[in-house]
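K.L.:
Let me begin by handing over the structure; questions about it come next.
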Amino acid sequence: MPLFRKSKSKPEQKTIKRLDVNRDKDILSFQAQVGMRVTALDRPWNEVPVLFQSFVIENEEQLAILKRYCRTITVASSGEEAGQVETDSSKPSVSPRSAPAFTEVRPLEIELPNAINQFGQAYNHVAGLLKNIADREVANFSGMRNIVRSCIDSISNNANAMFWLTRVRDQDAYTAEHCVRVGILAIAFGRYLGLADEQLETIGLCGMLHDVGKMRVSSAILNKPGALDDEEWRIMRQHPHLGFELLDSEHQLEPEIGQAALSHHERLDGKGYPAGLKADSIDHFTRIISIIDAYDAMTSDRVYRKGMPASNALSVLYKNSGPQFDAELVEVFIRMIGIYPPGSLVELNSGEVAIVLAASPENRLTPVVELVLDANGHPCEARVFNLNEQPCTLDGQVYRIAKALPDAIEGFNLSEYIRNKANLSSTAGS
């Protein structure tokens, strides 16, 4: 059964049995057993290599993680009282397919130059399209399909290459880059969910075109460094309608694309805009775009604030899953992105700064990293560590990640780093 239905009928609603908190109990982590439902940890969820603070212990490996990272945990006394979710068996699942979602058909160093080329073409095309819309010229959406197909091919070759490029940000080109990044992450997320190729094309177009309506909003409002006043906010809230009208006039585009532009600021609890839609009126493609749009916006520098580290943005998504975002989709998105996504910067316990090269779901807190700045913030000799192998500092400490960093830090230029990597890759492959 396909993950997303074309039907306009209202989906079946889940029946959730409420948790009786009086039946939860705290135990020492070494007392945990397979089959217990963990409802809380004694430390923040993003400091422990498990996905969520509510999960069923399935194997000995999970028991070992809990014993290593936690002193106490909170467990429910039985599965039913722990708030298990009963769902209509006919409803499509949002869990990723059992096969690996991101197989590396081509090594990162080989795919990176191609990914940079495809990303550049996508940006140039989207930027030109948005300029035409802003200038009230004819907007031709026909070329977007080939752009999305090229991105799908690159992600299929090696998703990490495109993931790296979604970290490249230029504050002065925010809207165009934001649309491209949302499109790329939507394709990757769709592939992680196991969508068919034609659905990947549609979700990619949803992402790249979701904000076209902003081009009909004054740049003075879009780029205002302070808070919007009531009238400016009223105008800004019109951009979903403006985008829908633009896309609805293009009869060769799937209806889901215009719907994503219209509804990506709606909330499941009905407190979004422009129509205050509730959960049963918001389709799955739009739910996906809403999550990715918020994630990219939170991690990007804007004129009025600095972007936050990816781990902080994922925490915000998690805290707002349910009332604002689809909880199941948020959980899978966090699993796909990981706490330290490829291309993100981290500070190690040594004070050195490293860039994350790769991370696996099994070792989410111990990725492969490359040192880029020394403890004094100066460029240093590149050294690659697999933190899961517990390499040590010069004074004998085991390297670990102290904290995640935002993308823009003094002394390091991610765009330049990626370009250098791509040039090295091109030379090596010639």
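Identifiers for the structure tokens are assigned positionally: chains receive A, B, ... in sequence, residues are indexed from 1 per chain, and ligands are indexed from 1 in the order shown.
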If you take only C-alpha atoms and a cut-off of 12 Å, which residues of region 148-227 of chain A touch region 127-142 of chain A, and what are their nearest atom pairs and distances in Å to one decimal, in chain and number order, as a tab-separated table?
P.N.:
```
residue	atom	partner	partner_atom	distance
A:Val148	CA	A:Ser142	CA	11.2
A:Asp172	CA	A:Ala127	CA	11.8
A:Ala173	CA	A:Ala127	CA	8.4
A:Tyr174	CA	A:Ala127	CA	10.0
A:Thr175	CA	A:Ala127	CA	8.4
A:Ala176	CA	A:Ala127	CA	5.2
A:Glu177	CA	A:Ala127	CA	8.0
A:His178	CA	A:Ala127	CA	10.5
A:Cys179	CA	A:Ala127	CA	9.3
A:Val180	CA	A:Ala127	CA	9.4
A:Leu205	CA	A:Phe141	CA	9.8
A:Met208	CA	A:Ala127	CA	10.6
A:Leu209	CA	A:Phe141	CA	9.2
A:His210	CA	A:Leu130	CA	11.5
A:Asp211	CA	A:Leu130	CA	9.3
A:Val212	CA	A:Leu130	CA	6.5
A:Gly213	CA	A:Ile133	CA	8.5
A:Lys214	CA	A:Ala134	CA	8.5
A:Met215	CA	A:Ala134	CA	4.8
A:Arg216	CA	A:Ala134	CA	5.8
A:Val217	CA	A:Ala134	CA	8.3
A:Ser218	CA	A:Ala134	CA	9.0
A:Ser219	CA	A:Ala134	CA	9.4
```
K.L.:
Write out, as a compact mmCIF listing (two decimals), in the first residue's frame, the residues just selected, with C-alpha atoms.
P.N.:
```txt
# COMPACT_ATOMS: atom_id res chain seq x y z
CA VAL A 148 14.37 17.77 -8.84
CA ASP A 172 21.63 37.39 1.66
CA ALA A 173 20.20 34.57 -0.48
CA TYR A 174 18.03 33.04 2.23
CA THR A 175 14.72 32.41 0.44
CA ALA A 176 16.20 30.73 -2.66
CA GLU A 177 18.65 28.62 -0.65
CA HIS A 178 15.95 27.78 1.88
CA CYS A 179 13.66 26.49 -0.87
CA VAL A 180 16.43 24.33 -2.35
CA LEU A 205 8.73 20.00 -5.93
CA MET A 208 11.43 23.74 -3.62
CA LEU A 209 8.24 25.69 -4.37
CA HIS A 210 6.63 25.94 -0.93
CA ASP A 211 7.72 29.56 -0.33
CA VAL A 212 7.22 31.10 -3.79
CA GLY A 213 4.48 33.34 -2.36
CA LYS A 214 7.07 35.25 -0.32
CA MET A 215 8.28 36.84 -3.54
CA ARG A 216 5.03 38.83 -3.60
CA VAL A 217 5.76 40.23 -0.12
CA SER A 218 7.79 43.42 0.27
CA SER A 219 11.52 42.76 0.80
```
K.L.:
Within 6 Å of region 222-232 of chain A, counting only C-alpha atoms, which residues show up once you throw out same-chain ones fewer than 3 positions away? Write them as a VMD selection string, please.
P.N.:
chain A and resid 219 235 303 to 304
K.L.:
Once you have the residues from the selection above, write them out as a compact mmCIF listing (two decimals), in the first residue's frame, restricted to C-alpha atoms.
P.N.:
```
# COMPACT_ATOMS: atom_id res chain seq x y z
CA SER A 219 11.52 42.76 0.80
CA ILE A 235 0.91 40.96 5.10
CA VAL A 303 18.80 39.19 9.85
CA TYR A 304 17.05 39.14 13.22
```
K.L.:
Give the alpha helix (DSSP H) residues of region 181-397 of chain A, as assigned by DSSP on the backbone, as a PyMOL selection string.
P.N.:
chain A and resi 181-192+197-209+219-222+230-236+239-248+255-263+284-299+310-319+327-337
K.L.:
Produce a file of the selected residues containing C-alpha atoms, as a PDB file, in the first residue's frame.
P.N.:
```
ATOM      1  CA  ARG A 181      17.423  22.954   1.050  1.00  0.00           C
ATOM      2  CA  VAL A 182      13.832  22.123   1.971  1.00  0.00           C
ATOM      3  CA  GLY A 183      13.417  20.399  -1.389  1.00  0.00           C
ATOM      4  CA  ILE A 184      16.584  18.325  -0.945  1.00  0.00           C
ATOM      5  CA  LEU A 185      15.743  17.342   2.630  1.00  0.00           C
ATOM      6  CA  ALA A 186      12.196  16.474   1.539  1.00  0.00           C
ATOM      7  CA  ILE A 187      13.562  14.154  -1.161  1.00  0.00           C
ATOM      8  CA  ALA A 188      15.943  12.548   1.332  1.00  0.00           C
ATOM      9  CA  PHE A 189      13.163  12.162   3.905  1.00  0.00           C
ATOM     10  CA  GLY A 190      10.847  10.670   1.293  1.00  0.00           C
ATOM     11  CA  ARG A 191      13.521   8.206   0.275  1.00  0.00           C
ATOM     12  CA  TYR A 192      14.119   7.323   3.922  1.00  0.00           C
ATOM     13  CA  ASP A 197      10.219   7.672  -7.480  1.00  0.00           C
ATOM     14  CA  GLU A 198       7.185   9.628  -8.686  1.00  0.00           C
ATOM     15  CA  GLN A 199       6.348  10.525  -5.082  1.00  0.00           C
ATOM     16  CA  LEU A 200       9.947  11.664  -4.500  1.00  0.00           C
ATOM     17  CA  GLU A 201       9.551  13.987  -7.477  1.00  0.00           C
ATOM     18  CA  THR A 202       6.336  15.428  -6.081  1.00  0.00           C
ATOM     19  CA  ILE A 203       7.670  15.912  -2.540  1.00  0.00           C
ATOM     20  CA  GLY A 204      10.824  17.518  -3.948  1.00  0.00           C
ATOM     21  CA  LEU A 205       8.727  20.002  -5.927  1.00  0.00           C
ATOM     22  CA  CYS A 206       6.639  20.679  -2.808  1.00  0.00           C
ATOM     23  CA  GLY A 207       9.808  21.624  -0.941  1.00  0.00           C
ATOM     24  CA  MET A 208      11.430  23.744  -3.620  1.00  0.00           C
ATOM     25  CA  LEU A 209       8.240  25.685  -4.374  1.00  0.00           C
ATOM     26  CA  SER A 219      11.521  42.763   0.803  1.00  0.00           C
ATOM     27  CA  ALA A 220      11.414  45.375   3.567  1.00  0.00           C
ATOM     28  CA  ILE A 221       9.097  43.050   5.501  1.00  0.00           C
ATOM     29  CA  LEU A 222      10.936  39.839   4.571  1.00  0.00           C
ATOM     30  CA  ASP A 230       0.586  43.873  13.361  1.00  0.00           C
ATOM     31  CA  GLU A 231       0.149  45.191   9.813  1.00  0.00           C
ATOM     32  CA  GLU A 232       3.445  43.696   8.604  1.00  0.00           C
ATOM     33  CA  TRP A 233       2.526  40.368  10.160  1.00  0.00           C
ATOM     34  CA  ARG A 234      -0.870  40.469   8.428  1.00  0.00           C
ATOM     35  CA  ILE A 235       0.905  40.964   5.098  1.00  0.00           C
ATOM     36  CA  MET A 236       3.450  38.221   5.808  1.00  0.00           C
ATOM     37  CA  HIS A 239       2.321  34.480   1.429  1.00  0.00           C
ATOM     38  CA  PRO A 240       0.774  30.967   1.569  1.00  0.00           C
ATOM     39  CA  HIS A 241      -2.281  32.185  -0.371  1.00  0.00           C
ATOM     40  CA  LEU A 242      -0.079  34.067  -2.834  1.00  0.00           C
ATOM     41  CA  GLY A 243       2.034  30.965  -3.414  1.00  0.00           C
ATOM     42  CA  PHE A 244      -1.007  28.766  -3.874  1.00  0.00           C
ATOM     43  CA  GLU A 245      -2.444  31.139  -6.481  1.00  0.00           C
ATOM     44  CA  LEU A 246       0.824  31.109  -8.433  1.00  0.00           C
ATOM     45  CA  LEU A 247       1.127  27.325  -8.371  1.00  0.00           C
ATOM     46  CA  ASP A 248      -2.569  26.671  -8.952  1.00  0.00           C
ATOM     47  CA  PRO A 255      -2.263  19.473  -6.584  1.00  0.00           C
ATOM     48  CA  GLU A 256      -0.163  18.452  -3.575  1.00  0.00           C
ATOM     49  CA  ILE A 257       2.434  21.074  -4.551  1.00  0.00           C
ATOM     50  CA  GLY A 258       0.016  23.984  -4.335  1.00  0.00           C
ATOM     51  CA  GLN A 259      -1.464  22.518  -1.159  1.00  0.00           C
ATOM     52  CA  ALA A 260       1.955  22.421   0.517  1.00  0.00           C
ATOM     53  CA  ALA A 261       2.501  26.095  -0.355  1.00  0.00           C
ATOM     54  CA  LEU A 262      -0.916  26.975   1.051  1.00  0.00           C
ATOM     55  CA  SER A 263      -0.816  24.937   4.261  1.00  0.00           C
ATOM     56  CA  HIS A 284       0.938  14.029   4.596  1.00  0.00           C
ATOM     57  CA  PHE A 285       3.034  15.859   2.015  1.00  0.00           C
ATOM     58  CA  THR A 286       2.264  19.152   3.766  1.00  0.00           C
ATOM     59  CA  ARG A 287       3.067  17.637   7.165  1.00  0.00           C
ATOM     60  CA  ILE A 288       6.504  16.640   5.858  1.00  0.00           C
ATOM     61  CA  ILE A 289       7.208  20.089   4.397  1.00  0.00           C
ATOM     62  CA  SER A 290       6.099  21.780   7.646  1.00  0.00           C
ATOM     63  CA  ILE A 291       8.661  19.816   9.659  1.00  0.00           C
ATOM     64  CA  ILE A 292      11.526  20.428   7.239  1.00  0.00           C
ATOM     65  CA  ASP A 293      10.622  24.096   6.722  1.00  0.00           C
ATOM     66  CA  ALA A 294      10.744  24.694  10.490  1.00  0.00           C
ATOM     67  CA  TYR A 295      13.987  22.723  10.914  1.00  0.00           C
ATOM     68  CA  ASP A 296      15.809  24.616   8.176  1.00  0.00           C
ATOM     69  CA  ALA A 297      14.513  27.981   9.372  1.00  0.00           C
ATOM     70  CA  MET A 298      15.647  27.319  12.949  1.00  0.00           C
ATOM     71  CA  THR A 299      19.164  26.277  11.883  1.00  0.00           C
ATOM     72  CA  ALA A 310      20.769  21.054  14.583  1.00  0.00           C
ATOM     73  CA  SER A 311      20.388  19.197  17.891  1.00  0.00           C
ATOM     74  CA  ASN A 312      18.565  22.182  19.416  1.00  0.00           C
ATOM     75  CA  ALA A 313      16.238  22.439  16.411  1.00  0.00           C
ATOM     76  CA  LEU A 314      15.423  18.728  16.620  1.00  0.00           C
ATOM     77  CA  SER A 315      14.626  19.176  20.305  1.00  0.00           C
ATOM     78  CA  VAL A 316      12.181  21.980  19.439  1.00  0.00           C
ATOM     79  CA  LEU A 317      10.495  19.780  16.821  1.00  0.00           C
ATOM     80  CA  TYR A 318      10.211  16.951  19.329  1.00  0.00           C
ATOM     81  CA  LYS A 319       8.735  19.178  22.041  1.00  0.00           C
ATOM     82  CA  ALA A 327       4.580  13.119  15.975  1.00  0.00           C
ATOM     83  CA  GLU A 328       5.325   9.986  13.959  1.00  0.00           C
ATOM     84  CA  LEU A 329       6.934  11.943  11.149  1.00  0.00           C
ATOM     85  CA  VAL A 330       9.000  13.992  13.610  1.00  0.00           C
ATOM     86  CA  GLU A 331      10.340  10.815  15.188  1.00  0.00           C
ATOM     87  CA  VAL A 332      11.399   9.403  11.819  1.00  0.00           C
ATOM     88  CA  PHE A 333      12.888  12.751  10.741  1.00  0.00           C
ATOM     89  CA  ILE A 334      15.015  12.863  13.910  1.00  0.00           C
ATOM     90  CA  ARG A 335      16.145   9.311  13.194  1.00  0.00           C
ATOM     91  CA  MET A 336      17.154  10.330   9.663  1.00  0.00           C
ATOM     92  CA  ILE A 337      18.959  13.563  10.590  1.00  0.00           C
TER      93      ILE A 337
END
```
K.L.:
Would you kindly return, as a list in words, each protein, DNA or RNA residue with an atom no farther than 9 Å from any atom of Ile409 (chain A), considering only C-alpha atoms and excluding same-chain residues fewer than 4 positions away?
P.N.:
Leu345, Leu405 and Asn413 of chain A
K.L.:
Okay, now the selection with C-alpha atoms, as a PDB file, in the first residue's frame?
P.N.:
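Result written to selection.pdb:
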```pdb
ATOM      1  CA  LEU A 345      30.182  21.424  13.596  1.00  0.00           C
ATOM      2  CA  LEU A 405      27.817  24.305  17.350  1.00  0.00           C
ATOM      3  CA  ASN A 413      34.044  28.686   6.460  1.00  0.00           C
TER       4      ASN A 413
END
```
K.L.:
So, with only C-alpha atoms as the atoms that count, which of A:Leu365, A:Tyr69, A:Gln118, A:Lys25 lies closest to Asn388 (chain A)?
P.N.:
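Closest to Asn388 (chain A) of all the choices is A:Leu365.
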